[in-house]
$ cat data39.cif   # mmCIF, C-alpha atoms and all ligand atoms
data_my_file
loop_
_atom_site.label_atom_id
_atom_site.label_comp_id
_atom_site.auth_asym_id
_atom_site.auth_seq_id
_atom_site.Cartn_x
_atom_site.Cartn_y
_atom_site.Cartn_z
CA MET A 12 0.00 0.00 0.00
CA GLN A 13 1.07 3.50 -0.80
CA ALA A 14 2.45 5.64 2.08
CA GLN A 15 -0.05 8.10 3.43
CA GLU A 16 0.80 11.68 4.25
CA ILE A 17 -0.98 13.05 7.31
CA ILE A 18 -1.12 16.83 7.56
CA THR A 19 -2.03 18.37 10.90
CA SER A 20 -3.36 21.61 9.57
CA LYS A 21 -3.29 25.05 11.19
CA ASN A 22 -4.62 26.76 8.09
CA LEU A 23 -7.17 24.73 6.18
CA GLY A 24 -7.01 26.76 2.96
CA GLU A 25 -3.25 26.53 2.74
CA SER A 26 -3.06 22.83 3.69
CA LEU A 27 -5.69 21.93 1.13
CA ARG A 28 -4.08 24.07 -1.55
CA GLN A 29 -0.74 22.35 -0.99
CA ALA A 30 -2.24 18.87 -0.90
CA VAL A 31 -4.24 19.38 -4.09
CA ALA A 32 -1.28 20.97 -5.89
CA ALA A 33 1.10 18.17 -4.86
CA ILE A 34 -0.90 15.49 -6.65
CA GLU A 35 -1.12 15.77 -10.40
CA HIS A 36 -4.70 15.58 -11.70
CA ASP A 37 -6.84 16.78 -14.59
CA ARG A 38 -10.17 17.25 -12.78
CA LEU A 39 -11.03 17.51 -9.12
CA PHE A 40 -14.22 16.06 -7.65
CA VAL A 41 -15.45 16.59 -4.11
CA LEU A 42 -17.55 13.88 -2.47
CA THR A 43 -19.57 14.89 0.54
CA ASP A 44 -22.92 14.11 2.17
CA ASP A 45 -25.99 16.31 2.51
CA THR A 46 -25.39 17.04 6.22
CA THR A 47 -21.73 17.95 5.75
CA LEU A 48 -22.75 20.09 2.84
CA LYS A 49 -24.98 22.10 5.19
CA LEU A 50 -22.62 22.23 8.18
CA CYS A 51 -19.11 22.34 6.74
CA TRP A 52 -19.21 23.30 3.10
CA SER A 53 -19.15 27.00 4.00
CA GLU A 54 -15.68 26.44 5.54
CA VAL A 55 -14.23 25.27 2.24
CA CYS A 56 -16.39 26.34 -0.71
CA ALA A 57 -14.66 29.69 -1.17
CA LEU A 58 -11.18 28.18 -1.31
CA PRO A 59 -9.63 28.94 -4.71
CA CYS A 60 -8.26 25.38 -5.06
CA LEU A 61 -11.85 24.09 -5.09
CA SER A 62 -13.31 26.68 -7.46
CA GLU A 63 -13.35 24.30 -10.43
CA ALA A 64 -14.30 21.18 -8.50
CA ASN A 65 -17.42 19.13 -9.30
CA VAL A 66 -19.34 18.44 -6.11
CA ILE A 67 -21.07 15.10 -5.58
CA SER A 68 -23.32 14.70 -2.56
CA ILE A 69 -24.84 11.53 -1.14
CA PRO A 70 -27.39 11.06 1.63
CA PRO A 71 -25.84 10.93 5.11
CA THR A 72 -25.53 8.16 7.73
CA ASP A 73 -24.30 4.61 7.71
CA GLU A 74 -27.38 3.06 6.08
CA ASN A 75 -26.41 4.95 2.93
CA LYS A 76 -22.94 3.41 2.85
CA SER A 77 -24.53 1.25 0.22
CA LEU A 78 -24.17 -0.08 -3.29
CA GLU A 79 -26.81 2.46 -4.44
CA ALA A 80 -24.84 5.43 -3.12
CA LEU A 81 -21.62 3.96 -4.55
CA THR A 82 -23.26 3.56 -7.96
CA HIS A 83 -24.39 7.17 -7.77
CA VAL A 84 -20.80 8.32 -7.14
CA TRP A 85 -19.42 6.25 -10.03
CA ALA A 86 -22.17 7.63 -12.30
CA GLU A 87 -21.47 11.22 -11.24
CA LEU A 88 -17.73 10.77 -11.83
CA GLN A 89 -18.49 9.42 -15.28
CA ARG A 90 -21.02 12.18 -16.02
CA GLY A 91 -18.50 14.82 -14.92
CA GLY A 92 -15.89 13.46 -17.32
CA ALA A 93 -13.56 11.93 -14.73
CA THR A 94 -10.54 10.15 -16.19
CA ARG A 95 -7.90 7.84 -14.76
CA HIS A 96 -6.02 11.06 -13.83
CA SER A 97 -8.82 12.74 -11.93
CA MET A 98 -8.81 13.10 -8.17
CA LEU A 99 -11.48 12.80 -5.48
CA LEU A 100 -11.53 14.82 -2.27
CA CYS A 101 -13.64 13.06 0.38
CA LEU A 102 -15.09 15.67 2.73
CA GLY A 103 -17.12 14.25 5.59
CA GLY A 104 -17.29 11.60 8.25
CA GLY A 105 -16.26 7.96 8.07
CA MET A 106 -19.17 7.06 5.85
CA VAL A 107 -17.94 9.48 3.15
CA THR A 108 -14.25 8.60 3.51
CA ASP A 109 -15.00 4.83 3.44
CA LEU A 110 -17.39 4.96 0.50
CA GLY A 111 -15.44 7.67 -1.32
CA GLY A 112 -12.17 5.80 -0.86
CA PHE A 113 -13.78 2.70 -2.34
CA ALA A 114 -15.34 4.64 -5.24
CA ALA A 115 -11.93 6.19 -6.00
CA SER A 116 -10.12 2.85 -5.66
CA THR A 117 -12.39 1.17 -8.18
CA PHE A 118 -13.22 3.93 -10.69
CA LYS A 119 -11.18 3.22 -13.84
CA ARG A 120 -9.17 0.80 -11.65
CA GLY A 121 -8.24 3.53 -9.23
CA ILE A 122 -7.85 7.28 -9.04
CA ASN A 123 -6.08 9.29 -6.33
CA TYR A 124 -8.05 10.53 -3.38
CA ILE A 125 -7.56 12.86 -0.43
CA ASN A 126 -9.45 12.65 2.87
CA LEU A 127 -10.59 15.75 4.68
CA PRO A 128 -12.43 14.30 7.69
CA THR A 129 -14.99 16.50 9.43
CA THR A 130 -15.89 14.27 12.39
CA LEU A 131 -13.68 13.21 15.25
CA LEU A 132 -14.41 9.57 14.46
CA ALA A 133 -13.17 9.98 10.90
CA MET A 134 -10.13 12.02 12.01
CA VAL A 135 -8.82 9.45 14.46
CA ASP A 136 -9.89 6.30 12.68
CA ALA A 137 -11.77 5.99 9.39
CA SER A 138 -9.80 8.43 7.25
CA VAL A 139 -6.41 6.95 8.17
CA GLY A 140 -5.07 3.55 7.17
CA GLY A 141 -6.71 2.75 3.85
CA LYS A 142 -9.72 0.68 4.85
CA THR A 143 -12.40 1.53 2.31
CA GLY A 144 -15.74 -0.06 1.53
CA ILE A 145 -19.49 -0.28 1.85
CA ASN A 146 -22.02 -2.26 3.86
CA PHE A 147 -23.63 -5.19 2.06
CA GLY A 148 -26.10 -7.98 2.79
CA GLY A 149 -26.84 -6.55 6.22
CA LEU A 150 -23.16 -6.62 7.24
CA LYS A 151 -20.94 -3.64 7.86
CA ASN A 152 -17.95 -3.00 5.60
CA GLU A 153 -18.57 -6.30 3.86
CA ILE A 154 -17.22 -5.21 0.47
CA GLY A 155 -14.10 -3.09 0.15
CA VAL A 156 -10.38 -2.82 -0.45
CA PHE A 157 -7.31 -1.61 1.38
CA ASN A 158 -6.08 1.49 -0.42
CA THR A 159 -4.80 4.60 1.35
CA ALA A 160 -5.76 8.17 0.58
CA ARG A 161 -2.71 9.95 -0.81
CA CYS A 162 -3.13 12.50 1.92
CA VAL A 163 -5.26 13.04 5.05
CA ILE A 164 -5.75 16.57 6.33
CA LEU A 165 -6.64 16.92 10.01
CA ASP A 166 -8.07 20.33 10.77
CA ALA A 167 -9.52 21.28 14.14
CA THR A 168 -11.96 23.81 12.59
CA PHE A 169 -14.44 20.99 12.14
CA LEU A 170 -14.29 19.78 15.76
CA ARG A 171 -16.24 22.85 16.80
CA THR A 172 -19.11 21.88 14.47
CA LEU A 173 -19.68 18.64 16.40
CA ASP A 174 -22.17 18.04 19.18
CA LEU A 175 -21.10 16.18 22.34
CA ARG A 176 -22.45 12.83 21.11
CA ASN A 177 -20.28 12.99 18.01
CA ILE A 178 -17.26 14.11 20.01
CA LEU A 179 -17.79 11.14 22.35
CA SER A 180 -18.25 8.78 19.43
CA GLY A 181 -14.81 9.64 18.04
CA TYR A 182 -13.34 9.76 21.53
CA ALA A 183 -14.08 6.04 22.01
CA GLU A 184 -11.55 5.24 19.27
CA MET A 185 -9.07 7.55 21.01
CA LEU A 186 -9.68 5.64 24.23
CA LYS A 187 -8.96 2.42 22.35
CA HIS A 188 -5.69 3.92 21.06
CA GLY A 189 -4.78 4.91 24.63
CA LEU A 190 -5.47 1.39 25.90
CA ILE A 191 -3.22 -0.21 23.30
CA SER A 192 -0.54 2.45 23.79
CA ASN A 193 0.57 3.25 27.35
CA VAL A 194 -0.68 4.19 30.83
CA GLU A 195 0.10 7.93 30.40
CA ASP A 196 -2.02 8.24 27.23
CA TRP A 197 -4.83 6.20 28.82
CA ALA A 198 -4.81 8.28 32.04
CA GLU A 199 -4.82 11.55 30.06
CA LEU A 200 -7.86 10.34 28.13
CA LEU A 201 -9.76 9.39 31.30
CA SER A 202 -9.19 12.82 32.81
CA PHE A 203 -10.55 14.91 29.90
CA ASP A 204 -13.29 17.36 30.89
CA PHE A 205 -16.25 17.11 28.50
CA GLU A 206 -18.18 19.83 30.32
CA ARG A 207 -15.68 22.47 29.28
CA ILE A 208 -14.07 21.13 26.15
CA ASP A 209 -10.57 22.50 25.70
CA TYR A 210 -10.39 22.36 21.89
CA PRO A 211 -6.64 23.09 21.54
CA HIS A 212 -5.93 20.29 24.03
CA LEU A 213 -8.35 17.97 22.23
CA THR A 214 -6.61 18.78 18.94
CA GLU A 215 -3.25 17.87 20.46
CA MET A 216 -4.69 14.59 21.73
CA VAL A 217 -6.13 13.86 18.27
CA GLY A 218 -2.65 14.27 16.74
CA LYS A 219 -1.19 11.86 19.30
CA SER A 220 -3.99 9.38 18.76
CA VAL A 221 -3.61 9.35 14.98
CA LEU A 222 0.12 8.74 15.36
CA ILE A 223 -0.60 5.59 17.41
CA LYS A 224 -2.80 4.30 14.60
CA GLN A 225 -0.40 5.36 11.86
CA ARG A 226 2.54 3.50 13.44
CA ILE A 227 0.53 0.29 13.65
CA VAL A 228 -0.81 0.60 10.10
CA GLU A 229 2.69 1.21 8.72
CA GLU A 230 3.90 -1.96 10.42
CA ASP A 231 1.00 -4.09 9.18
CA PRO A 232 -1.06 -2.32 6.50
CA LEU A 233 -3.11 -5.38 5.50
CA GLU A 234 -4.01 -6.50 9.01
CA ARG A 235 -2.15 -9.80 8.97
CA GLY A 236 -0.98 -9.31 12.56
CA ILE A 237 -0.51 -6.32 14.85
CA ARG A 238 -3.10 -4.14 13.07
CA LYS A 239 -5.67 -6.39 14.71
CA ALA A 240 -4.84 -4.42 17.88
CA LEU A 241 -6.97 -1.65 16.38
CA ASN A 242 -9.97 -3.96 16.64
CA LEU A 243 -9.95 -3.89 20.43
CA GLY A 244 -13.56 -3.36 21.52
CA HIS A 245 -14.87 -3.95 18.01
CA THR A 246 -15.77 -7.66 18.05
CA ALA A 247 -18.35 -7.11 20.77
CA GLY A 248 -18.93 -3.49 19.69
CA HIS A 249 -19.91 -4.36 16.12
CA ALA A 250 -22.28 -7.05 17.39
CA LEU A 251 -23.99 -4.56 19.73
CA GLU A 252 -24.14 -2.01 16.91
CA SER A 253 -25.69 -4.50 14.48
CA LEU A 254 -28.16 -5.69 17.14
CA ALA A 255 -29.20 -2.09 17.75
CA LEU A 256 -29.56 -1.45 14.03
CA GLY A 257 -31.75 -4.53 13.62
CA GLU A 258 -34.00 -3.36 16.46
CA GLY A 259 -34.25 0.21 15.16
CA ARG A 260 -32.27 1.59 18.13
CA THR A 261 -29.93 4.32 16.92
CA VAL A 262 -26.42 3.93 18.23
CA LEU A 263 -23.37 5.89 17.11
CA HIS A 264 -20.42 3.69 16.18
CA GLY A 265 -18.14 5.01 18.92
CA TYR A 266 -20.74 4.32 21.60
CA ALA A 267 -20.87 0.69 20.50
CA VAL A 268 -17.05 0.59 20.57
CA ALA A 269 -17.03 2.02 24.10
CA TRP A 270 -19.49 -0.67 25.25
CA GLY A 271 -17.44 -3.25 23.32
CA LEU A 272 -14.39 -2.11 25.30
CA ILE A 273 -16.23 -2.91 28.55
CA CYS A 274 -16.89 -6.43 27.25
CA GLU A 275 -13.41 -7.05 25.95
CA LEU A 276 -11.54 -5.61 28.93
CA TYR A 277 -13.62 -7.92 31.09
CA LEU A 278 -12.50 -10.86 28.93
CA SER A 279 -8.94 -9.52 29.20
CA ALA A 280 -9.18 -9.49 32.99
CA LYS A 281 -10.61 -13.04 33.07
CA ARG A 282 -8.16 -14.62 30.65
CA LEU A 283 -5.04 -12.50 30.82
CA SER A 284 -5.22 -10.89 34.26
CA PHE A 285 -5.70 -7.38 32.89
CA PRO A 286 -5.57 -5.31 36.14
CA LYS A 287 -8.98 -5.09 37.81
CA ASP A 288 -8.47 -1.48 38.96
CA LYS A 289 -7.83 -0.34 35.37
CA LEU A 290 -10.86 -2.31 34.22
CA GLN A 291 -12.99 -0.59 36.85
CA GLN A 292 -11.68 2.90 36.05
CA THR A 293 -12.32 2.41 32.34
CA VAL A 294 -15.79 0.96 32.92
CA ARG A 295 -16.65 3.88 35.23
CA PHE A 296 -15.53 6.41 32.61
CA ILE A 297 -17.52 4.70 29.86
CA LYS A 298 -20.66 4.38 31.96
CA GLU A 299 -20.45 8.01 33.02
CA HIS A 300 -20.06 9.36 29.49
CA TYR A 301 -21.70 6.78 27.22
CA GLY A 302 -24.44 5.49 29.51
CA SER A 303 -25.65 1.91 29.28
CA PHE A 304 -26.92 -0.22 26.45
CA LEU A 305 -29.63 -2.56 27.71
CA ILE A 306 -29.50 -6.14 26.55
CA ASP A 307 -31.63 -9.10 27.45
CA CYS A 308 -30.40 -12.70 27.92
CA LYS A 309 -32.71 -13.63 25.03
CA GLU A 310 -30.43 -11.59 22.74
CA TYR A 311 -27.21 -13.43 23.64
CA ASP A 312 -27.53 -16.01 20.85
CA ARG A 313 -28.13 -13.28 18.27
CA LEU A 314 -25.10 -11.33 19.58
CA TYR A 315 -22.99 -14.48 19.43
CA GLU A 316 -24.15 -15.14 15.89
CA LEU A 317 -23.25 -11.57 14.90
CA MET A 318 -19.75 -12.05 16.34
CA THR A 319 -19.25 -15.09 14.10
CA HIS A 320 -19.24 -12.66 11.11
CA ASP A 321 -16.23 -10.71 12.39
CA LYS A 322 -13.50 -10.44 9.74
CA LYS A 323 -10.78 -11.48 12.22
CA ASN A 324 -12.31 -14.93 12.69
CA THR A 325 -10.54 -18.00 11.37
CA ALA A 326 -11.91 -21.50 10.80
CA GLY A 327 -15.22 -20.69 12.48
CA GLN A 328 -13.56 -19.57 15.71
CA ILE A 329 -14.20 -16.12 17.17
CA ASN A 330 -10.93 -14.23 17.52
CA PHE A 331 -10.59 -11.30 19.88
CA THR A 332 -7.85 -8.77 20.45
CA LEU A 333 -7.30 -8.57 24.21
CA LEU A 334 -4.87 -6.90 26.63
CA ALA A 335 -2.76 -8.37 29.43
CA ASP A 336 -2.25 -4.78 30.57
CA ILE A 337 -2.44 -1.35 29.03
CA GLY A 338 -0.18 -1.48 25.97
CA ASP A 339 0.35 -5.25 26.34
CA ILE A 340 -1.56 -6.45 23.28
CA ARG A 341 -2.55 -10.07 22.61
CA ILE A 342 -4.08 -10.67 19.19
CA ASN A 343 -5.79 -13.86 17.93
CA GLN A 344 -7.36 -14.84 21.23
CA VAL A 345 -9.83 -17.60 20.47
CA VAL A 346 -12.73 -17.29 22.89
CA SER A 347 -15.32 -19.99 23.54
CA LYS A 348 -19.08 -19.51 23.40
CA GLU A 349 -19.24 -20.04 27.15
CA GLU A 350 -16.76 -17.23 27.81
CA ILE A 351 -18.70 -14.96 25.47
CA MET A 352 -21.92 -15.68 27.38
CA ASP A 353 -20.10 -14.87 30.63
CA MET A 354 -18.82 -11.63 29.08
CA LEU A 355 -22.37 -10.69 28.06
CA ASP A 356 -23.57 -11.36 31.63
CA PHE A 357 -20.92 -8.97 32.92
CA PHE A 358 -21.95 -6.34 30.38
CA ARG A 359 -25.66 -6.73 31.13
CA GLU A 360 -25.10 -6.44 34.87
CA THR A 361 -22.67 -3.50 34.66
N1 LIG B 1 -10.48 0.77 12.30
C1 LIG B 1 -9.45 -0.16 12.50
C2 LIG B 1 -8.43 -0.16 11.44
O1 LIG B 1 -8.35 0.77 10.65
O2 LIG B 1 -7.68 -1.10 11.33
#
$ encode --input "data39.cif" --output "C-alpha cells" --more "lines below"
Ligand code: GLY
Amino acid sequence: MQAQEIITSKNLGESLRQAVAAIEHDRLFVLTDDTTLKLCWSEVCALPCLSEANVISIPPTDENKSLEALTHVWAELQRGGATRHSMLLCLGGGMVTDLGGFAASTFKRGINYINLPTTLLAMVDASVGGKTGINFGGLKNEIGVFNTARCVILDATFLRTLDLRNILSGYAEMLKHGLISNVEDWAELLSFDFERIDYPHLTEMVGKSVLIKQRIVEEDPLERGIRKALNLGHTAGHALESLALGEGRTVLHGYAVAWGLICELYLSAKRLSFPKDKLQQTVRFIKEHYGSFLIDCKEYDRLYELMTHDKKNTAGQINFTLLADIGDIRINQVVSKEEIMDMLDFFRET
C-alpha cells in the first residue's frame, strides 16, 4: 500500500491548496454528504483550489454506505468526465471517507483521493489507514479494499461543528488507542473534561492518537498481525451495533465501541489478568459518558451469531484482540461460546 501523508493543519485553505497541488490531476471532484454540505461546506467552498471542483453529494448516515450510493458516485464521476487522472476529495465523516475511498479505488481501476475528515471519528480512525468499503447484505464493511488516501488533512476547525455525542463517538476510538498504547495516554484520556471542552488540548490529543494508529498501520497495513490491535472493543462493539440497528435503536459507532471495550476488557481481565483497577476505572468512565446499552439474555444467541461474522475470525472460531495490561496487546485470542456468554452477563449487569 502507498504511504499516506498526514497533515495536521493550522490553516485549512493553505493545507488543502498544498495537498491538491502536490498530486497531479486533470479534474477535481469533491464527495460529501448532505449534512456535511450544510454544516461544513461553507468552511471550504470559497477556497480557490476548489473553485473548479465538481461536487457530488450523497445522503448521510451509515445506512447509505450502500451499493446504491456507490453507484451514484461512479455515475457522477463518469457524467463529470472523470478520467484515470482525476482526483477525489472526500469531505465528511467515516461514511464518506470509506465509501469515497472505495469509489476512488475502483473507478477506472483507481484514481487518487484525499481525505478531509470532518468528524472526530473519521479524524482518528476511518480516514487513516486505507480501509475503504461499503455495507452489504446486512453486514458492515462487507465489500471493500485496502487502499490509502494519498493525503489526510486533520483540521480542528471541524471539531467545533460537532455536538457532544459525536465528540464522544470519536473519543471512544481515542480511548482504544490509549489502551493499546501506554498508561500515560490512557490516564490523560480518562481525565478529559467534556463539560468544558478545551479544543486546543483535544486537537493535540487527536494528533497523538492518529500517530498511534499510523505507526501500527505502517507496520502491518493489510491486518495480517498487529493491526488487529486496532480492533480492540470492536468484536463485541460491532455485534452490539448490528443488534441495535436490527431493532431500530440508533447507536453511534463510537458508543458501540465504548461498550465493546467494557466487554473485551472484562475478557482480558478473566483470561489474561488485565488489572482489575484499570478495568474498573475504564468501565466507570464509559458508563459516566456513554451510559448503558440494555441487553436481554434472550439476545445473547443473536449477539454471538453476529460475532461469528467478524472479519478477524478464522476457521469458524471467534478471535478477539485482548490486553494483558495497558499497551500489552494479545491478538488472535480464540474465545469460547461459554466465555462470550459470561462476558455478556458482565456487560448486562454492569
Ligand atoms: N479501524 C481499525 C483499522 O483501521 O484497522
$ residues_around --input "data39.cif" --residues "A:Gly181" --least-positions-apart "4" --cutoff "6 Å" --atoms "all atoms listed in the file" --output "PyMOL selection string"
chain A and resi 131-132+265
$ write_last_selection --input "data39.cif" --atoms "C-alpha atoms" --output "PDB file, in the coordinates of the input"
ATOM      1  CA  LEU A 131     -13.680  13.210  15.250  1.00  0.00           C
ATOM      2  CA  LEU A 132     -14.410   9.570  14.460  1.00  0.00           C
ATOM      3  CA  GLY A 265     -18.140   5.010  18.920  1.00  0.00           C
TER       4      GLY A 265
END
$ residues_near_ligand --input "data39.cif" --ligand "ligand LIG 1 (chain B)" --cutoff "8 Å" --atoms "all atoms listed in the file" --output "MDAnalysis selection string"
chainID A and resid 136:137 139:142 224 228 234 238:242
$ write_last_selection --input "data39.cif" --atoms "C-alpha atoms" --output "PDB file, in the frame of the given file"
ATOM      1  CA  ASP A 136      -9.890   6.300  12.680  1.00  0.00           C
ATOM      2  CA  ALA A 137     -11.770   5.990   9.390  1.00  0.00           C
ATOM      3  CA  VAL A 139      -6.410   6.950   8.170  1.00  0.00           C
ATOM      4  CA  GLY A 140      -5.070   3.550   7.170  1.00  0.00           C
ATOM      5  CA  GLY A 141      -6.710   2.750   3.850  1.00  0.00           C
ATOM      6  CA  LYS A 142      -9.720   0.680   4.850  1.00  0.00           C
ATOM      7  CA  LYS A 224      -2.800   4.300  14.600  1.00  0.00           C
ATOM      8  CA  VAL A 228      -0.810   0.600  10.100  1.00  0.00           C
ATOM      9  CA  GLU A 234      -4.010  -6.500   9.010  1.00  0.00           C
ATOM     10  CA  ARG A 238      -3.100  -4.140  13.070  1.00  0.00           C
ATOM     11  CA  LYS A 239      -5.670  -6.390  14.710  1.00  0.00           C
ATOM     12  CA  ALA A 240      -4.840  -4.420  17.880  1.00  0.00           C
ATOM     13  CA  LEU A 241      -6.970  -1.650  16.380  1.00  0.00           C
ATOM     14  CA  ASN A 242      -9.970  -3.960  16.640  1.00  0.00           C
TER      15      ASN A 242
END
$ residues_around --input "data39.cif" --residues "A:Ala32" --least-positions-apart "4" --cutoff "12 Å" --atoms "all atoms listed in the file" --output "PyMOL selection string"
chain A and resi 25-28+36-39+59-61+98+125+162
$ residues_near_point --input "data39.cif" --point "(-19.1, 4.2, 17.9)" --cutoff "8 Å" --atoms "all atoms listed in the file" --output "ChimeraX atom specification"
/A:132,180-181,183-184,248,262-269
$ atom_distance --input "data39.cif" --atom1 "atom CA of A:Tyr124" --atom2 "atom CA of A:Arg161"
6.0 Å
$ residues_around --input "data39.cif" --residues "A:Ser77" --least-positions-apart "5" --cutoff "8 Å" --atoms "all atoms listed in the file" --output "list in words"
Ile145, Asn146 and Phe147 of chain A
$ write_last_selection --input "data39.cif" --atoms "C-alpha atoms" --output "PDB file, keeping the file's coordinate frame"
ATOM      1  CA  ILE A 145     -19.490  -0.280   1.850  1.00  0.00           C
ATOM      2  CA  ASN A 146     -22.020  -2.260   3.860  1.00  0.00           C
ATOM      3  CA  PHE A 147     -23.630  -5.190   2.060  1.00  0.00           C
TER       4      PHE A 147
END
$ atom_distance --input "data39.cif" --atom1 "atom CA of A:Asn123" --atom2 "atom CA of A:Met12"
12.8 Å
$ closest_residue --input "data39.cif" --among "A:Gln15, A:Ser202, A:Asn343, A:Thr261" --to "A:Gln225" --atoms "only C-alpha atoms"
A:Gln15
$ closest_residue --input "data39.cif" --among "A:Glu349, A:Asp109, A:Asp307, A:Glu199" --to "A:Asn158" --atoms "all atoms listed in the file"
A:Asp109
$ atom_distance --input "data39.cif" --atom1 "atom CA of A:Arg171" --atom2 "atom CA of A:Ala14"
29.4 Å
$ closest_residue --input "data39.cif" --among "A:Leu150, A:Cys51, A:Leu81, A:Ala250" --to "A:Phe169" --atoms "all atoms listed in the file"
A:Cys51
$ closest_residue --input "data39.cif" --among "A:Arg176, A:Lys76, A:Lys119, A:His83" --to "A:Ser97" --atoms "only C-alpha atoms"
A:Lys119
$ closest_residue --input "data39.cif" --among "A:Glu230, A:Asp174, A:Glu63, A:Asp312" --to "A:Glu206" --atoms "only C-alpha atoms"
A:Asp174
$ closest_residue --input "data39.cif" --among "A:Ser20, A:Gln29, A:Thr246, A:Thr43" --to "A:Ala167" --atoms "all atoms listed in the file"
A:Ser20
$ residues_around --input "data39.cif" --residues "stretch 276-292 of chain A" --least-positions-apart "6" --cutoff "6 Å" --atoms "only C-alpha atoms" --output "JSON, numbers by chain"
{"A": [333, 334, 335, 336]}
$ axis_aligned_box --input "data39.cif" --around "stretch 50-63 of chain A" --padding-each-side "6 Å" --output "lines of an AutoDock Vina configuration file"
center_x = -15.4
center_y = 26.0
center_z = -1.1
size_x = 26.4
size_y = 19.5
size_z = 30.6
$ build_atoms --input "data39.cif" --residues "stretch 153-167 of chain A" --atoms "N, CA and C atoms" --output "PDB file, in the coordinates of the input"
ATOM      1  N   GLU A 153     -18.705  -4.949   4.397  1.00  0.00           N
ATOM      2  CA  GLU A 153     -18.570  -6.300   3.860  1.00  0.00           C
ATOM      3  C   GLU A 153     -17.767  -6.308   2.556  1.00  0.00           C
ATOM      4  N   ILE A 154     -17.916  -5.265   1.756  1.00  0.00           N
ATOM      5  CA  ILE A 154     -17.220  -5.210   0.470  1.00  0.00           C
ATOM      6  C   ILE A 154     -16.277  -4.006   0.492  1.00  0.00           C
ATOM      7  N   GLY A 155     -15.018  -4.220   0.155  1.00  0.00           N
ATOM      8  CA  GLY A 155     -14.100  -3.090   0.150  1.00  0.00           C
ATOM      9  C   GLY A 155     -12.680  -3.503  -0.180  1.00  0.00           C
ATOM     10  N   VAL A 156     -11.801  -2.541  -0.194  1.00  0.00           N
ATOM     11  CA  VAL A 156     -10.380  -2.820  -0.450  1.00  0.00           C
ATOM     12  C   VAL A 156      -9.528  -1.996   0.517  1.00  0.00           C
ATOM     13  N   PHE A 157      -8.292  -2.427   0.677  1.00  0.00           N
ATOM     14  CA  PHE A 157      -7.310  -1.610   1.380  1.00  0.00           C
ATOM     15  C   PHE A 157      -6.665  -0.708   0.337  1.00  0.00           C
ATOM     16  N   ASN A 158      -6.762   0.564   0.497  1.00  0.00           N
ATOM     17  CA  ASN A 158      -6.080   1.490  -0.420  1.00  0.00           C
ATOM     18  C   ASN A 158      -6.064   2.873   0.242  1.00  0.00           C
ATOM     19  N   THR A 159      -4.878   3.346   0.585  1.00  0.00           N
ATOM     20  CA  THR A 159      -4.800   4.600   1.350  1.00  0.00           C
ATOM     21  C   THR A 159      -5.103   5.833   0.518  1.00  0.00           C
ATOM     22  N   ALA A 160      -5.664   6.827   1.187  1.00  0.00           N
ATOM     23  CA  ALA A 160      -5.760   8.170   0.580  1.00  0.00           C
ATOM     24  C   ALA A 160      -4.324   8.656   0.406  1.00  0.00           C
ATOM     25  N   ARG A 161      -4.068   9.413  -0.642  1.00  0.00           N
ATOM     26  CA  ARG A 161      -2.710   9.950  -0.810  1.00  0.00           C
ATOM     27  C   ARG A 161      -2.368  10.865   0.361  1.00  0.00           C
ATOM     28  N   CYS A 162      -3.392  11.538   0.865  1.00  0.00           N
ATOM     29  CA  CYS A 162      -3.130  12.500   1.920  1.00  0.00           C
ATOM     30  C   CYS A 162      -4.380  12.631   2.818  1.00  0.00           C
ATOM     31  N   VAL A 163      -4.158  12.788   4.115  1.00  0.00           N
ATOM     32  CA  VAL A 163      -5.260  13.040   5.050  1.00  0.00           C
ATOM     33  C   VAL A 163      -4.981  14.374   5.735  1.00  0.00           C
ATOM     34  N   ILE A 164      -5.953  15.262   5.695  1.00  0.00           N
ATOM     35  CA  ILE A 164      -5.750  16.570   6.330  1.00  0.00           C
ATOM     36  C   ILE A 164      -6.608  16.629   7.603  1.00  0.00           C
ATOM     37  N   LEU A 165      -5.927  16.831   8.729  1.00  0.00           N
ATOM     38  CA  LEU A 165      -6.640  16.920  10.010  1.00  0.00           C
ATOM     39  C   LEU A 165      -6.728  18.387  10.390  1.00  0.00           C
ATOM     40  N   ASP A 166      -7.919  18.927  10.435  1.00  0.00           N
ATOM     41  CA  ASP A 166      -8.070  20.330  10.770  1.00  0.00           C
ATOM     42  C   ASP A 166      -9.110  20.499  11.875  1.00  0.00           C
ATOM     43  N   ALA A 167      -8.680  21.171  12.939  1.00  0.00           N
ATOM     44  CA  ALA A 167      -9.520  21.280  14.140  1.00  0.00           C
ATOM     45  C   ALA A 167     -10.760  22.154  13.937  1.00  0.00           C
TER      46      ALA A 167
END
